[in-house]
Structure formats: structure tokens, C-alpha cells
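Listing of run.pdb; format and content: PDB, C-alpha atoms.
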```
ATOM      1  CA  MET O  25     -89.643  -5.624 132.282
ATOM      2  CA  SER O  26     -87.111  -8.269 133.337
ATOM      3  CA  THR O  27     -88.110 -11.946 133.189
ATOM      4  CA  GLY O  28     -84.866 -13.441 134.507
ATOM      5  CA  THR O  29     -82.345 -15.424 132.494
ATOM      6  CA  ILE O  30     -83.521 -16.520 129.050
ATOM      7  CA  ARG O  31     -81.613 -19.240 127.201
ATOM      8  CA  ILE O  32     -82.175 -19.481 123.446
ATOM      9  CA  GLY O  33     -81.123 -22.571 121.496
ATOM     10  CA  THR O  34     -79.787 -21.853 118.013
ATOM     11  CA  SER O  35     -77.460 -23.778 115.663
ATOM     12  CA  GLU O  36     -73.738 -24.130 115.122
ATOM     13  CA  ALA O  37     -71.828 -20.852 115.477
ATOM     14  CA  GLY O  38     -72.286 -18.845 112.308
ATOM     15  CA  GLY O  39     -75.307 -20.884 111.186
ATOM     16  CA  THR O  40     -78.519 -19.160 110.217
ATOM     17  CA  PHE O  41     -80.344 -19.918 113.481
ATOM     18  CA  HIS O  42     -77.282 -18.717 115.397
ATOM     19  CA  THR O  43     -77.178 -15.387 113.584
ATOM     20  CA  GLN O  44     -80.935 -14.976 114.046
ATOM     21  CA  GLY O  45     -80.571 -15.769 117.727
ATOM     22  CA  LEU O  46     -77.882 -13.132 118.179
ATOM     23  CA  ALA O  47     -80.149 -10.538 116.552
ATOM     24  CA  LEU O  48     -83.106 -11.633 118.682
ATOM     25  CA  ALA O  49     -81.051 -11.341 121.860
ATOM     26  CA  GLU O  50     -79.860  -7.841 120.942
ATOM     27  CA  MET O  51     -83.388  -6.668 120.156
ATOM     28  CA  ALA O  52     -84.871  -8.287 123.282
ATOM     29  CA  ARG O  53     -82.289  -6.690 125.577
ATOM     30  CA  ALA O  54     -82.917  -3.284 124.024
ATOM     31  CA  ALA O  55     -86.677  -3.803 124.451
ATOM     32  CA  GLY O  56     -86.207  -4.562 128.146
ATOM     33  CA  VAL O  57     -87.349  -8.190 127.994
ATOM     34  CA  THR O  58     -84.390  -9.120 130.201
ATOM     35  CA  ASP O  59     -80.757  -8.165 130.612
ATOM     36  CA  THR O  60     -79.601 -11.779 130.768
ATOM     37  CA  ILE O  61     -79.948 -13.719 127.534
ATOM     38  CA  GLU O  62     -77.732 -16.697 126.795
ATOM     39  CA  ILE O  63     -77.326 -17.912 123.220
ATOM     40  CA  VAL O  64     -76.801 -21.681 123.174
ATOM     41  CA  THR O  65     -75.200 -23.266 120.096
ATOM     42  CA  SER O  66     -76.074 -26.720 118.798
ATOM     43  CA  SER O  67     -74.558 -28.988 116.181
ATOM     44  CA  ASN O  68     -77.961 -30.503 115.413
ATOM     45  CA  ALA O  69     -80.080 -27.341 115.630
ATOM     46  CA  SER O  70     -83.798 -28.223 115.535
ATOM     47  CA  VAL O  71     -83.539 -31.676 117.081
ATOM     48  CA  GLY O  72     -81.016 -30.608 119.702
ATOM     49  CA  ASN O  73     -83.055 -27.566 120.666
ATOM     50  CA  ALA O  74     -86.198 -29.651 121.176
ATOM     51  CA  ARG O  75     -84.306 -32.078 123.381
ATOM     52  CA  ARG O  76     -82.770 -29.267 125.449
ATOM     53  CA  LEU O  77     -86.170 -27.650 125.897
ATOM     54  CA  GLU O  78     -87.530 -30.925 127.232
ATOM     55  CA  ALA O  79     -84.527 -31.240 129.570
ATOM     56  CA  GLY O  80     -85.167 -27.773 130.998
ATOM     57  CA  GLU O  81     -81.934 -26.367 129.546
ATOM     58  CA  LEU O  82     -83.606 -23.706 127.370
ATOM     59  CA  GLU O  83     -86.535 -21.317 127.467
ATOM     60  CA  PHE O  84     -86.720 -20.890 123.670
ATOM     61  CA  GLY O  85     -85.316 -22.685 120.654
ATOM     62  CA  PHE O  86     -85.190 -22.147 116.910
ATOM     63  CA  MET O  87     -86.598 -25.024 114.880
ATOM     64  CA  ALA O  88     -87.582 -25.814 111.319
ATOM     65  CA  SER O  89     -91.289 -26.551 111.393
ATOM     66  CA  ASN O  90     -90.921 -29.965 109.772
ATOM     67  CA  TRP O  91     -89.453 -31.215 113.094
ATOM     68  CA  ILE O  92     -91.928 -29.831 115.607
ATOM     69  CA  GLY O  93     -94.753 -32.287 114.947
ATOM     70  CA  ARG O  94     -92.288 -35.171 115.208
ATOM     71  CA  ALA O  95     -91.025 -33.835 118.526
ATOM     72  CA  LYS O  96     -94.559 -33.414 119.890
ATOM     73  CA  ASP O  97     -95.500 -36.969 118.930
ATOM     74  CA  GLY O  98     -92.201 -38.594 119.936
ATOM     75  CA  GLN O  99     -91.505 -39.816 116.400
ATOM     76  CA  PRO O 100     -87.925 -40.640 115.329
ATOM     77  CA  PRO O 101     -85.397 -39.257 115.985
ATOM     78  CA  PHE O 102     -87.204 -38.448 119.251
ATOM     79  CA  ASP O 103     -87.646 -41.332 121.667
ATOM     80  CA  ARG O 104     -90.482 -39.715 123.630
ATOM     81  CA  PRO O 105     -92.938 -36.819 123.168
ATOM     82  CA  VAL O 106     -91.616 -33.311 123.807
ATOM     83  CA  ALA O 107     -94.045 -30.806 125.342
ATOM     84  CA  LEU O 108     -93.264 -28.053 122.863
ATOM     85  CA  GLN O 109     -95.443 -24.993 122.462
ATOM     86  CA  MET O 110     -95.263 -22.389 119.725
ATOM     87  CA  ALA O 111     -93.973 -18.885 120.337
ATOM     88  CA  SER O 112     -93.478 -17.162 116.972
ATOM     89  CA  PRO O 113     -92.654 -17.688 113.318
ATOM     90  CA  VAL O 114     -89.236 -16.306 112.405
ATOM     91  CA  ASN O 115     -88.908 -16.685 108.633
ATOM     92  CA  ALA O 116     -89.755 -18.807 105.606
ATOM     93  CA  GLY O 117     -86.445 -19.933 104.140
ATOM     94  CA  PRO O 118     -86.326 -21.080 100.504
ATOM     95  CA  LEU O 119     -85.335 -24.678  99.794
ATOM     96  CA  PHE O 120     -83.531 -24.877  96.466
ATOM     97  CA  PHE O 121     -81.004 -26.757  94.367
ATOM     98  CA  ILE O 122     -77.992 -25.140  92.732
ATOM     99  CA  THR O 123     -75.675 -26.267  89.981
ATOM    100  CA  LEU O 124     -72.791 -24.716  88.067
ATOM    101  CA  ALA O 125     -73.792 -22.221  85.400
ATOM    102  CA  ARG O 126     -72.183 -24.365  82.688
ATOM    103  CA  SER O 127     -74.296 -27.398  83.677
ATOM    104  CA  PRO O 128     -77.130 -28.561  81.405
ATOM    105  CA  LEU O 129     -79.401 -28.924  84.459
ATOM    106  CA  ARG O 130     -82.301 -26.462  84.490
ATOM    107  CA  THR O 131     -85.062 -27.861  86.724
ATOM    108  CA  VAL O 132     -85.373 -30.185  89.699
ATOM    109  CA  SER O 133     -86.634 -32.940  87.406
ATOM    110  CA  ASP O 134     -83.235 -32.901  85.664
ATOM    111  CA  LEU O 135     -81.635 -34.263  88.863
ATOM    112  CA  VAL O 136     -82.706 -37.809  87.968
ATOM    113  CA  GLY O 137     -79.555 -39.834  87.348
ATOM    114  CA  ARG O 138     -77.290 -37.141  88.782
ATOM    115  CA  ARG O 139     -75.008 -36.831  91.819
ATOM    116  CA  VAL O 140     -76.654 -34.517  94.349
ATOM    117  CA  ALA O 141     -75.238 -33.248  97.667
ATOM    118  CA  VAL O 142     -78.278 -33.446  99.930
ATOM    119  CA  GLY O 143     -76.829 -32.702 103.383
ATOM    120  CA  PRO O 144     -75.511 -34.910 106.200
ATOM    121  CA  GLU O 145     -77.250 -38.258 106.534
ATOM    122  CA  ASP O 146     -80.194 -38.119 108.985
ATOM    123  CA  SER O 147     -80.167 -34.300 108.804
ATOM    124  CA  GLY O 148     -83.195 -32.072 108.371
ATOM    125  CA  MET O 149     -81.996 -31.221 104.878
ATOM    126  CA  VAL O 150     -82.129 -34.861 103.794
ATOM    127  CA  GLN O 151     -85.601 -35.116 105.316
ATOM    128  CA  HIS O 152     -86.668 -32.179 103.145
ATOM    129  CA  VAL O 153     -85.358 -33.867 100.012
ATOM    130  CA  HIS O 154     -87.300 -37.027 100.910
ATOM    131  CA  SER O 155     -90.462 -34.955 101.466
ATOM    132  CA  MET O 156     -90.118 -32.980  98.242
ATOM    133  CA  PHE O 157     -89.102 -35.875  96.046
ATOM    134  CA  GLY O 158     -91.852 -38.058  97.505
ATOM    135  CA  VAL O 159     -94.436 -35.589  96.204
ATOM    136  CA  LEU O 160     -92.633 -35.183  92.866
ATOM    137  CA  GLY O 161     -92.353 -38.927  92.312
ATOM    138  CA  ILE O 162     -88.562 -39.088  92.497
ATOM    139  CA  SER O 163     -87.078 -41.991  94.452
ATOM    140  CA  PHE O 164     -83.678 -41.872  96.143
ATOM    141  CA  ASP O 165     -82.883 -44.762  93.786
ATOM    142  CA  ASP O 166     -83.434 -42.408  90.834
ATOM    143  CA  PHE O 167     -80.344 -40.296  91.589
ATOM    144  CA  MET O 168     -77.102 -40.561  93.561
ATOM    145  CA  PRO O 169     -77.456 -38.863  96.971
ATOM    146  CA  VAL O 170     -74.166 -37.606  98.391
ATOM    147  CA  TYR O 171     -74.307 -36.935 102.132
ATOM    148  CA  LEU O 172     -72.281 -33.771 102.678
ATOM    149  CA  GLY O 173     -72.829 -30.674 104.821
ATOM    150  CA  PHE O 174     -73.199 -27.207 103.323
ATOM    151  CA  ALA O 175     -69.527 -26.239 103.122
ATOM    152  CA  ASP O 176     -68.295 -29.658 101.920
ATOM    153  CA  GLY O 177     -71.165 -29.913  99.447
ATOM    154  CA  ALA O 178     -70.318 -26.508  97.981
ATOM    155  CA  GLU O 179     -66.675 -27.527  97.566
ATOM    156  CA  ALA O 180     -67.727 -30.784  95.909
ATOM    157  CA  LEU O 181     -69.967 -28.910  93.471
ATOM    158  CA  GLU O 182     -67.194 -26.472  92.609
ATOM    159  CA  ALA O 183     -64.762 -29.367  92.065
ATOM    160  CA  GLY O 184     -67.198 -31.236  89.812
ATOM    161  CA  GLU O 185     -67.568 -34.113  92.271
ATOM    162  CA  VAL O 186     -71.348 -33.625  92.420
ATOM    163  CA  ASP O 187     -73.739 -32.211  89.824
ATOM    164  CA  ALA O 188     -75.967 -30.216  92.175
ATOM    165  CA  GLN O 189     -76.338 -29.227  95.810
ATOM    166  CA  PHE O 190     -79.413 -28.746  98.015
ATOM    167  CA  GLN O 191     -79.326 -25.384  99.786
ATOM    168  CA  CYS O 192     -81.326 -23.399 102.356
ATOM    169  CA  PRO O 193     -81.864 -20.534 103.149
ATOM    170  CA  ILE O 194     -80.523 -17.243 101.835
ATOM    171  CA  PRO O 195     -78.551 -15.348 102.787
ATOM    172  CA  ASN O 196     -76.097 -17.942 104.062
ATOM    173  CA  GLN O 197     -72.346 -17.525 104.011
ATOM    174  CA  VAL O 198     -71.555 -20.798 102.251
ATOM    175  CA  MET O 199     -73.884 -19.929  99.382
ATOM    176  CA  THR O 200     -72.632 -16.353  99.166
ATOM    177  CA  ASP O 201     -68.981 -17.418  99.152
ATOM    178  CA  LEU O 202     -69.572 -20.130  96.545
ATOM    179  CA  SER O 203     -71.409 -17.760  94.205
ATOM    180  CA  GLU O 204     -68.552 -15.276  94.470
ATOM    181  CA  ARG O 205     -65.970 -17.938  93.599
ATOM    182  CA  THR O 206     -67.769 -19.568  90.690
ATOM    183  CA  ASP O 207     -70.770 -19.066  88.420
ATOM    184  CA  ILE O 208     -73.849 -20.921  89.676
ATOM    185  CA  ARG O 209     -77.458 -21.459  88.629
ATOM    186  CA  VAL O 210     -80.533 -21.950  90.821
ATOM    187  CA  LEU O 211     -82.742 -24.754  89.496
ATOM    188  CA  GLY O 212     -86.406 -24.038  88.901
ATOM    189  CA  HIS O 213     -89.441 -26.316  88.951
ATOM    190  CA  ASP O 214     -91.558 -27.711  86.147
ATOM    191  CA  PRO O 215     -95.127 -26.308  85.818
ATOM    192  CA  GLY O 216     -97.394 -27.439  88.635
ATOM    193  CA  GLN O 217     -94.650 -28.843  90.849
ATOM    194  CA  LEU O 218     -94.573 -25.942  93.315
ATOM    195  CA  ASP O 219     -98.359 -26.002  93.696
ATOM    196  CA  ARG O 220     -98.236 -29.725  94.475
ATOM    197  CA  LEU O 221     -95.473 -29.318  97.054
ATOM    198  CA  ILE O 222     -97.265 -26.515  98.878
ATOM    199  CA  ALA O 223    -100.636 -28.285  98.751
ATOM    200  CA  GLU O 224     -99.318 -31.615 100.057
ATOM    201  CA  ILE O 225     -96.675 -30.567 102.621
ATOM    202  CA  PRO O 226     -98.199 -28.454 105.429
ATOM    203  CA  PHE O 227     -94.946 -26.925 106.694
ATOM    204  CA  TYR O 228     -94.021 -25.403 103.301
ATOM    205  CA  ARG O 229     -94.879 -21.895 102.126
ATOM    206  CA  PRO O 230     -94.525 -20.214  98.720
ATOM    207  CA  VAL O 231     -91.490 -17.923  98.583
ATOM    208  CA  VAL O 232     -89.730 -15.931  95.888
ATOM    209  CA  MET O 233     -85.961 -15.655  95.688
ATOM    210  CA  ALA O 234     -85.336 -12.081  94.568
ATOM    211  CA  ALA O 235     -83.139 -11.346  91.587
ATOM    212  CA  GLY O 236     -79.667 -10.441  92.818
ATOM    213  CA  ALA O 237     -80.087 -12.199  96.171
ATOM    214  CA  VAL O 238     -76.927 -14.118  95.261
ATOM    215  CA  ARG O 239     -74.573 -13.687  92.342
ATOM    216  CA  GLY O 240     -75.893 -15.716  89.427
ATOM    217  CA  LEU O 241     -79.565 -15.353  90.354
ATOM    218  CA  ASP O 242     -80.595 -12.876  87.674
ATOM    219  CA  VAL O 243     -84.390 -13.273  87.754
ATOM    220  CA  GLU O 244     -86.978 -13.789  90.478
ATOM    221  CA  THR O 245     -87.339 -17.511  91.109
ATOM    222  CA  ALA O 246     -90.298 -19.133  92.857
ATOM    223  CA  GLN O 247     -89.429 -21.869  95.325
ATOM    224  CA  VAL O 248     -90.927 -23.603  98.340
ATOM    225  CA  GLY O 249     -89.906 -22.308 101.715
ATOM    226  CA  VAL O 250     -89.810 -24.083 105.059
ATOM    227  CA  LEU O 251     -91.359 -22.138 107.903
ATOM    228  CA  ASN O 252     -88.806 -21.690 110.665
ATOM    229  CA  VAL O 253     -90.136 -20.959 114.123
ATOM    230  CA  LEU O 254     -89.242 -20.016 117.673
ATOM    231  CA  VAL O 255     -90.621 -22.622 120.055
ATOM    232  CA  THR O 256     -90.821 -22.839 123.799
ATOM    233  CA  HIS O 257     -91.968 -25.433 126.346
ATOM    234  CA  GLU O 258     -95.130 -25.745 128.377
ATOM    235  CA  ARG O 259     -93.135 -25.297 131.605
ATOM    236  CA  VAL O 260     -91.843 -21.822 130.590
ATOM    237  CA  ALA O 261     -93.528 -18.976 132.459
ATOM    238  CA  ARG O 262     -96.352 -17.168 130.709
ATOM    239  CA  GLU O 263     -94.834 -13.748 131.375
ATOM    240  CA  SER O 264     -91.499 -14.725 129.801
ATOM    241  CA  VAL O 265     -93.123 -15.917 126.595
ATOM    242  CA  ALA O 266     -95.491 -12.951 126.434
ATOM    243  CA  ALA O 267     -92.598 -10.519 126.868
ATOM    244  CA  MET O 268     -90.478 -12.149 124.153
ATOM    245  CA  VAL O 269     -93.283 -12.465 121.600
ATOM    246  CA  SER O 270     -94.511  -8.921 122.265
ATOM    247  CA  ALA O 271     -90.979  -7.650 121.684
ATOM    248  CA  MET O 272     -90.757  -9.575 118.398
ATOM    249  CA  ILE O 273     -94.051  -8.189 117.120
ATOM    250  CA  ALA O 274     -93.130  -4.621 118.005
ATOM    251  CA  GLY O 275     -89.501  -5.052 116.974
ATOM    252  CA  ALA O 276     -89.956  -6.777 113.588
ATOM    253  CA  GLY O 277     -88.364  -3.808 111.829
ATOM    254  CA  GLU O 278     -85.449  -3.744 114.244
ATOM    255  CA  LEU O 279     -84.892  -7.479 113.780
ATOM    256  CA  LEU O 280     -84.761  -6.980 110.002
ATOM    257  CA  SER O 281     -82.180  -4.228 110.389
ATOM    258  CA  LEU O 282     -80.060  -6.588 112.491
ATOM    259  CA  ASN O 283     -80.437  -9.663 110.272
ATOM    260  CA  PRO O 284     -81.946  -9.906 106.748
ATOM    261  CA  LEU O 285     -83.251 -13.392 107.530
ATOM    262  CA  TYR O 286     -86.101 -11.673 109.388
ATOM    263  CA  ALA O 287     -87.451 -10.205 106.142
ATOM    264  CA  GLY O 288     -91.199 -10.830 105.951
ATOM    265  CA  LEU O 289     -91.734 -11.409 109.675
ATOM    266  CA  ASP O 290     -94.645  -8.956 109.733
ATOM    267  CA  ALA O 291     -96.309 -10.879 106.908
ATOM    268  CA  LEU O 292     -95.971 -14.162 108.809
ATOM    269  CA  TYR O 293     -98.047 -12.693 111.645
ATOM    270  CA  GLU O 294    -100.898 -11.501 109.419
ATOM    271  CA  PRO O 295    -102.660 -14.899 108.969
ATOM    272  CA  LEU O 296    -103.436 -14.810 112.701
ATOM    273  CA  ARG O 297    -106.030 -12.138 111.941
ATOM    274  CA  THR O 298    -108.047 -14.424 109.642
ATOM    275  CA  ALA O 299    -107.144 -17.996 110.600
ATOM    276  CA  GLY O 300    -106.754 -17.405 114.344
ATOM    277  CA  GLN O 301    -104.353 -19.442 116.461
ATOM    278  CA  ALA O 302    -104.280 -22.240 113.878
ATOM    279  CA  ALA O 303    -102.159 -19.992 111.636
ATOM    280  CA  CYS O 304     -99.202 -20.532 113.960
ATOM    281  CA  GLU O 305     -99.994 -24.001 115.305
ATOM    282  CA  ILE O 306     -97.904 -26.126 112.944
ATOM    283  CA  GLY O 307     -97.751 -29.903 113.318
ATOM    284  CA  GLY O 308    -100.418 -29.838 116.022
ATOM    285  CA  VAL O 309     -98.171 -27.843 118.387
ATOM    286  CA  GLU O 310    -100.313 -25.323 120.261
ATOM    287  CA  LEU O 311     -99.448 -21.715 120.948
ATOM    288  CA  HIS O 312     -98.065 -21.088 124.423
ATOM    289  CA  PRO O 313    -100.576 -19.097 126.542
ATOM    290  CA  GLY O 314     -98.002 -16.315 126.797
ATOM    291  CA  ALA O 315     -97.841 -16.083 123.013
ATOM    292  CA  VAL O 316    -101.636 -15.989 122.798
ATOM    293  CA  GLU O 317    -101.590 -13.102 125.284
ATOM    294  CA  ALA O 318     -99.000 -11.227 123.209
ATOM    295  CA  TYR O 319    -100.891 -11.681 119.934
ATOM    296  CA  ARG O 320    -104.142 -10.539 121.505
ATOM    297  CA  HIS O 321    -102.482  -7.492 123.018
ATOM    298  CA  ALA O 322    -101.088  -6.624 119.564
ATOM    299  CA  GLY O 323    -104.535  -6.956 117.964
ATOM    300  CA  LEU O 324    -103.562  -9.987 115.887
ATOM    301  CA  LEU O 325    -106.000 -12.310 117.680
ATOM    302  CA  ASN O 326    -109.510 -11.634 118.926
TER     303      ASN O 326
END
```

Show the structure stored in the file as C-alpha cells.
Amino acid sequence: MSTGTIRIGTSEAGGTFHTQGLALAEMARAAGVTDTIEIVTSSNASVGNARRLEAGELEFGFMASNWIGRAKDGQPPFDRPVALQMASPVNAGPLFFITLARSPLRTVSDLVGRRVAVGPEDSGMVQHVHSMFGVLGISFDDFMPVYLGFADGAEALEAGEVDAQFQCPIPNQVMTDLSERTDIRVLGHDPGQLDRLIAEIPFYRPVVMAAGAVRGLDVETAQVGVLNVLVTHERVARESVAAMVSAMIAGAGELLSLNPLYAGLDALYEPLRTAGQAACEIGGVELHPGAVEAYRHAGLLN
């Protein structure tokens, strides 16, 4: 079934949303959703995709779920509400801090008084650090935030210019390359901290980083994960959304074979069976009617 041209907003070329978008486009074409899928890159990923959806420049966009409620409500950095609607979860990416293996740092609490690369200023990564540290009782005055992107932050860590770096998700090329060049350690959490983060921040999920996922990660490590999602807009045709979401449900295995970031997609759909539509309506953003149709057809919703 062809639904016309579909434009999917991702991230910068080579970024995680970009690689997921390429895999989604390949799977969707093979499934007959449409022959014409355009992958649109963005230097500011979630925020840029929401703005392009509102401008009518996209049919779908990848977003981290911590941004979608802000977009819906028109909270900064958005200057007006965006009529987003949910299509599908895509993955839960771990949020974690790394340091050099020779460092004395062991847990997130040890970051107090240290130099930490937290991401570009005003980025989603910095917002995550504010959210996490707010729950854990760590002020930005308690450490030295260094506002560097992934690649520059990794180089600064390797050079000893920072003591730790905030990372997300895995696999990502910067993290893989860094761990191959130098010995690193993934910081854990003190007892009770993960439970508090997951209980108090609605867009986080419990995740486990598997041993061997990157060089230097020798044991399974529990972390929080941010739920990343595929969103659409209320103006997008019901049949287009239904076709895409149906293809994702049926093609979860194919997506995983194309990109390991789709690991666990099947599990992200399962809460629909018990919690209903609310399982996928993060930040008050409702499911698109086309998505509801697809989930009902797949037996995930009554």
C-alpha cells in the first residue's frame, strides 16, 4: 500500500536517530508502506523535528520523550504549542556517565566537585543532567559542567581535560571509538538512586547495559533509560500513520537486524495490552488515530 511521500526527521548525519531513520525507511519500503521516503537530517534533533512537524515539513520525527510534553504545551524552547501526536516507541536508550578506567570515580555521586562534559549548552543532554541531578540532590554549583558535544567531550576525557562525560545511548560511534582507544569505566549509582529517578521522572525507564556492550563494560550495569519515540502531527493522514505503525509492529525483528538500537522494540509495545493507550501517551501527547488503528489491528489494544 502506497501512502505518498513520507518525510522522516532524524538527527545529524551519523547520529543515532539518523541511523534509526535509515533502517526505518528501508524496512518501510520493503513492507510496501510507500516507495518514496525522505530522511531529513537535523542539527537539533528532537526540537528541530517538532518544529518541522508543526511547519508541515515532515510526516514523522524522532524525538526523545523528555521534549514532547514541552512541545505540546509550548514550553521553552518552543514559543507556541505543537500539535504532536504519538506514533510509536523506538527504543529506551541508557543515560550514563563514563570516566577513564584509572579514575577513582565509581558512582554518579562521586561527580561532586569534578569536571563533567554534559553536552552542548541548551541541549537535551544537559536537560537530562538537570533532571537527574535535581532528583539526586546535586546542584550544577556542586560540580563543574563543561558544555561539549559527544565527540569533543570524548576527546576532552581522553586528554584529561574533564573527569567524566555524560553519554547516551549505546551503541554510538563516539563511545565505541573512545572505548577502543582508551580504557574507560561506566559509573554506577548508589543504592536507591535508580528507583528514585524512575519513580520521579515519567519519561525514564529501567534499562540494563549488557556486559561487553562496549569495551571496558565487563558486568551488566543498571541505568536509567530515556524513552525515544516516533511522533507525528495531527494533520498527518490516518492511513499514513496506520501503515507506518503497522509496519513497525510487524517488522520489529527486521528493524533489529538493520540497527541494534531497535533491540527491545517488541517489549516496548507490550504495556499497551495492560495499560491501554496511556502506555504510549507520554507527556500528555495522545496517540494519533492511525496509530490506535494499527495497535488494535495487531491485537495490542482492545

Give me the residues within 9 Å of Val260 (chain O) as number ranges by chain, counting all atoms listed in the file and dropping any in the same chain fewer than 4 places off. O: 80, 83-84, 256, 264-265, 312

Tell me, as a ChimeraX atom specification, which residues lie within 10 Å of Arg94 (chain O), counting all atoms listed in the file; anything in the same chain fewer than 2 positions away does not count. /O:71,89-92,96-102,104-106,307-309

At a cut-off of 9 Å, using only C-alpha atoms, what residues contact Arg31 (chain O)? Leave out same-chain residues fewer than 3 positions from it and give the result as an NGL selection string. :O and (60-64 or 81-85)

Here is a test: counting all atoms listed in the file, which residue of O:Gly45, O:Pro284, O:Pro113, O:Gly236 is nearest to Val250 (chain O)?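 Once distances to Val250 (chain O) are computed over all atoms listed in the file, the minimum belongs to O:Pro113.
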
Given the PyMOL selection byres ((chain O and resi 310) around 10), the residues it picks as a count of residues only: 20

Atom-to-atom span, CA of Glu224 (chain O) and CA of Val150 (chain O), Å: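 Between these atoms lies a distance of 17.9 Å.
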
Selection near Asp176 (chain O), 10 Å with only C-alpha atoms, sequence-local residues under 6 positions removed, as a list of chain:residue names: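 Close residues of Asp176 (chain O): O:Ala141, O:Gly143, O:Pro144, O:Glu182, O:Val198.
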
Could you give me region 222-242 of chain O completed to N, CA and C atoms, formatted as a PDB file, keeping the file's coordinate frame?
```
ATOM      1  N   ILE O 222     -96.652 -27.361  97.846  1.00  0.00           N
ATOM      2  CA  ILE O 222     -97.265 -26.515  98.878  1.00  0.00           C
ATOM      3  C   ILE O 222     -98.605 -27.091  99.332  1.00  0.00           C
ATOM      4  N   ALA O 223     -99.343 -27.702  98.406  1.00  0.00           N
ATOM      5  CA  ALA O 223    -100.636 -28.285  98.751  1.00  0.00           C
ATOM      6  C   ALA O 223    -100.493 -29.530  99.622  1.00  0.00           C
ATOM      7  N   GLU O 224     -99.429 -30.312  99.403  1.00  0.00           N
ATOM      8  CA  GLU O 224     -99.318 -31.615 100.057  1.00  0.00           C
ATOM      9  C   GLU O 224     -98.414 -31.633 101.284  1.00  0.00           C
ATOM     10  N   ILE O 225     -97.584 -30.585 101.475  1.00  0.00           N
ATOM     11  CA  ILE O 225     -96.675 -30.567 102.621  1.00  0.00           C
ATOM     12  C   ILE O 225     -97.016 -29.359 103.492  1.00  0.00           C
ATOM     13  N   PRO O 226     -97.624 -29.572 104.657  1.00  0.00           N
ATOM     14  CA  PRO O 226     -98.199 -28.454 105.429  1.00  0.00           C
ATOM     15  C   PRO O 226     -97.189 -27.466 105.987  1.00  0.00           C
ATOM     16  N   PHE O 227     -95.917 -27.861 106.125  1.00  0.00           N
ATOM     17  CA  PHE O 227     -94.946 -26.925 106.694  1.00  0.00           C
ATOM     18  C   PHE O 227     -94.182 -26.143 105.625  1.00  0.00           C
ATOM     19  N   TYR O 228     -94.636 -26.196 104.363  1.00  0.00           N
ATOM     20  CA  TYR O 228     -94.021 -25.403 103.301  1.00  0.00           C
ATOM     21  C   TYR O 228     -94.882 -24.183 102.983  1.00  0.00           C
ATOM     22  N   ARG O 229     -94.226 -23.136 102.513  1.00  0.00           N
ATOM     23  CA  ARG O 229     -94.879 -21.895 102.126  1.00  0.00           C
ATOM     24  C   ARG O 229     -94.315 -21.463 100.772  1.00  0.00           C
ATOM     25  N   PRO O 230     -95.090 -20.745  99.965  1.00  0.00           N
ATOM     26  CA  PRO O 230     -94.525 -20.214  98.720  1.00  0.00           C
ATOM     27  C   PRO O 230     -93.594 -19.043  99.022  1.00  0.00           C
ATOM     28  N   VAL O 231     -92.429 -19.032  98.428  1.00  0.00           N
ATOM     29  CA  VAL O 231     -91.490 -17.923  98.583  1.00  0.00           C
ATOM     30  C   VAL O 231     -90.915 -17.581  97.215  1.00  0.00           C
ATOM     31  N   VAL O 232     -90.387 -16.375  97.121  1.00  0.00           N
ATOM     32  CA  VAL O 232     -89.730 -15.931  95.888  1.00  0.00           C
ATOM     33  C   VAL O 232     -88.310 -15.510  96.240  1.00  0.00           C
ATOM     34  N   MET O 233     -87.337 -16.087  95.549  1.00  0.00           N
ATOM     35  CA  MET O 233     -85.961 -15.655  95.688  1.00  0.00           C
ATOM     36  C   MET O 233     -85.762 -14.460  94.766  1.00  0.00           C
ATOM     37  N   ALA O 234     -85.432 -13.309  95.339  1.00  0.00           N
ATOM     38  CA  ALA O 234     -85.336 -12.081  94.568  1.00  0.00           C
ATOM     39  C   ALA O 234     -84.123 -12.101  93.651  1.00  0.00           C
ATOM     40  N   ALA O 235     -84.272 -11.504  92.484  1.00  0.00           N
ATOM     41  CA  ALA O 235     -83.139 -11.346  91.587  1.00  0.00           C
ATOM     42  C   ALA O 235     -82.026 -10.586  92.303  1.00  0.00           C
ATOM     43  N   GLY O 236     -80.799 -11.087  92.174  1.00  0.00           N
ATOM     44  CA  GLY O 236     -79.667 -10.441  92.818  1.00  0.00           C
ATOM     45  C   GLY O 236     -79.436 -10.862  94.252  1.00  0.00           C
ATOM     46  N   ALA O 237     -80.270 -11.755  94.787  1.00  0.00           N
ATOM     47  CA  ALA O 237     -80.087 -12.199  96.171  1.00  0.00           C
ATOM     48  C   ALA O 237     -78.738 -12.882  96.352  1.00  0.00           C
ATOM     49  N   VAL O 238     -78.292 -13.586  95.329  1.00  0.00           N
ATOM     50  CA  VAL O 238     -76.927 -14.118  95.261  1.00  0.00           C
ATOM     51  C   VAL O 238     -76.435 -13.911  93.842  1.00  0.00           C
ATOM     52  N   ARG O 239     -75.132 -13.857  93.678  1.00  0.00           N
ATOM     53  CA  ARG O 239     -74.573 -13.687  92.342  1.00  0.00           C
ATOM     54  C   ARG O 239     -74.929 -14.895  91.481  1.00  0.00           C
ATOM     55  N   GLY O 240     -75.452 -14.651  90.312  1.00  0.00           N
ATOM     56  CA  GLY O 240     -75.893 -15.716  89.427  1.00  0.00           C
ATOM     57  C   GLY O 240     -77.394 -15.893  89.399  1.00  0.00           C
ATOM     58  N   LEU O 241     -78.104 -15.302  90.355  1.00  0.00           N
ATOM     59  CA  LEU O 241     -79.565 -15.353  90.354  1.00  0.00           C
ATOM     60  C   LEU O 241     -80.049 -14.047  89.725  1.00  0.00           C
ATOM     61  N   ASP O 242     -80.333 -14.092  88.439  1.00  0.00           N
ATOM     62  CA  ASP O 242     -80.595 -12.876  87.674  1.00  0.00           C
ATOM     63  C   ASP O 242     -82.079 -12.557  87.540  1.00  0.00           C
TER      64      ASP O 242
END
```
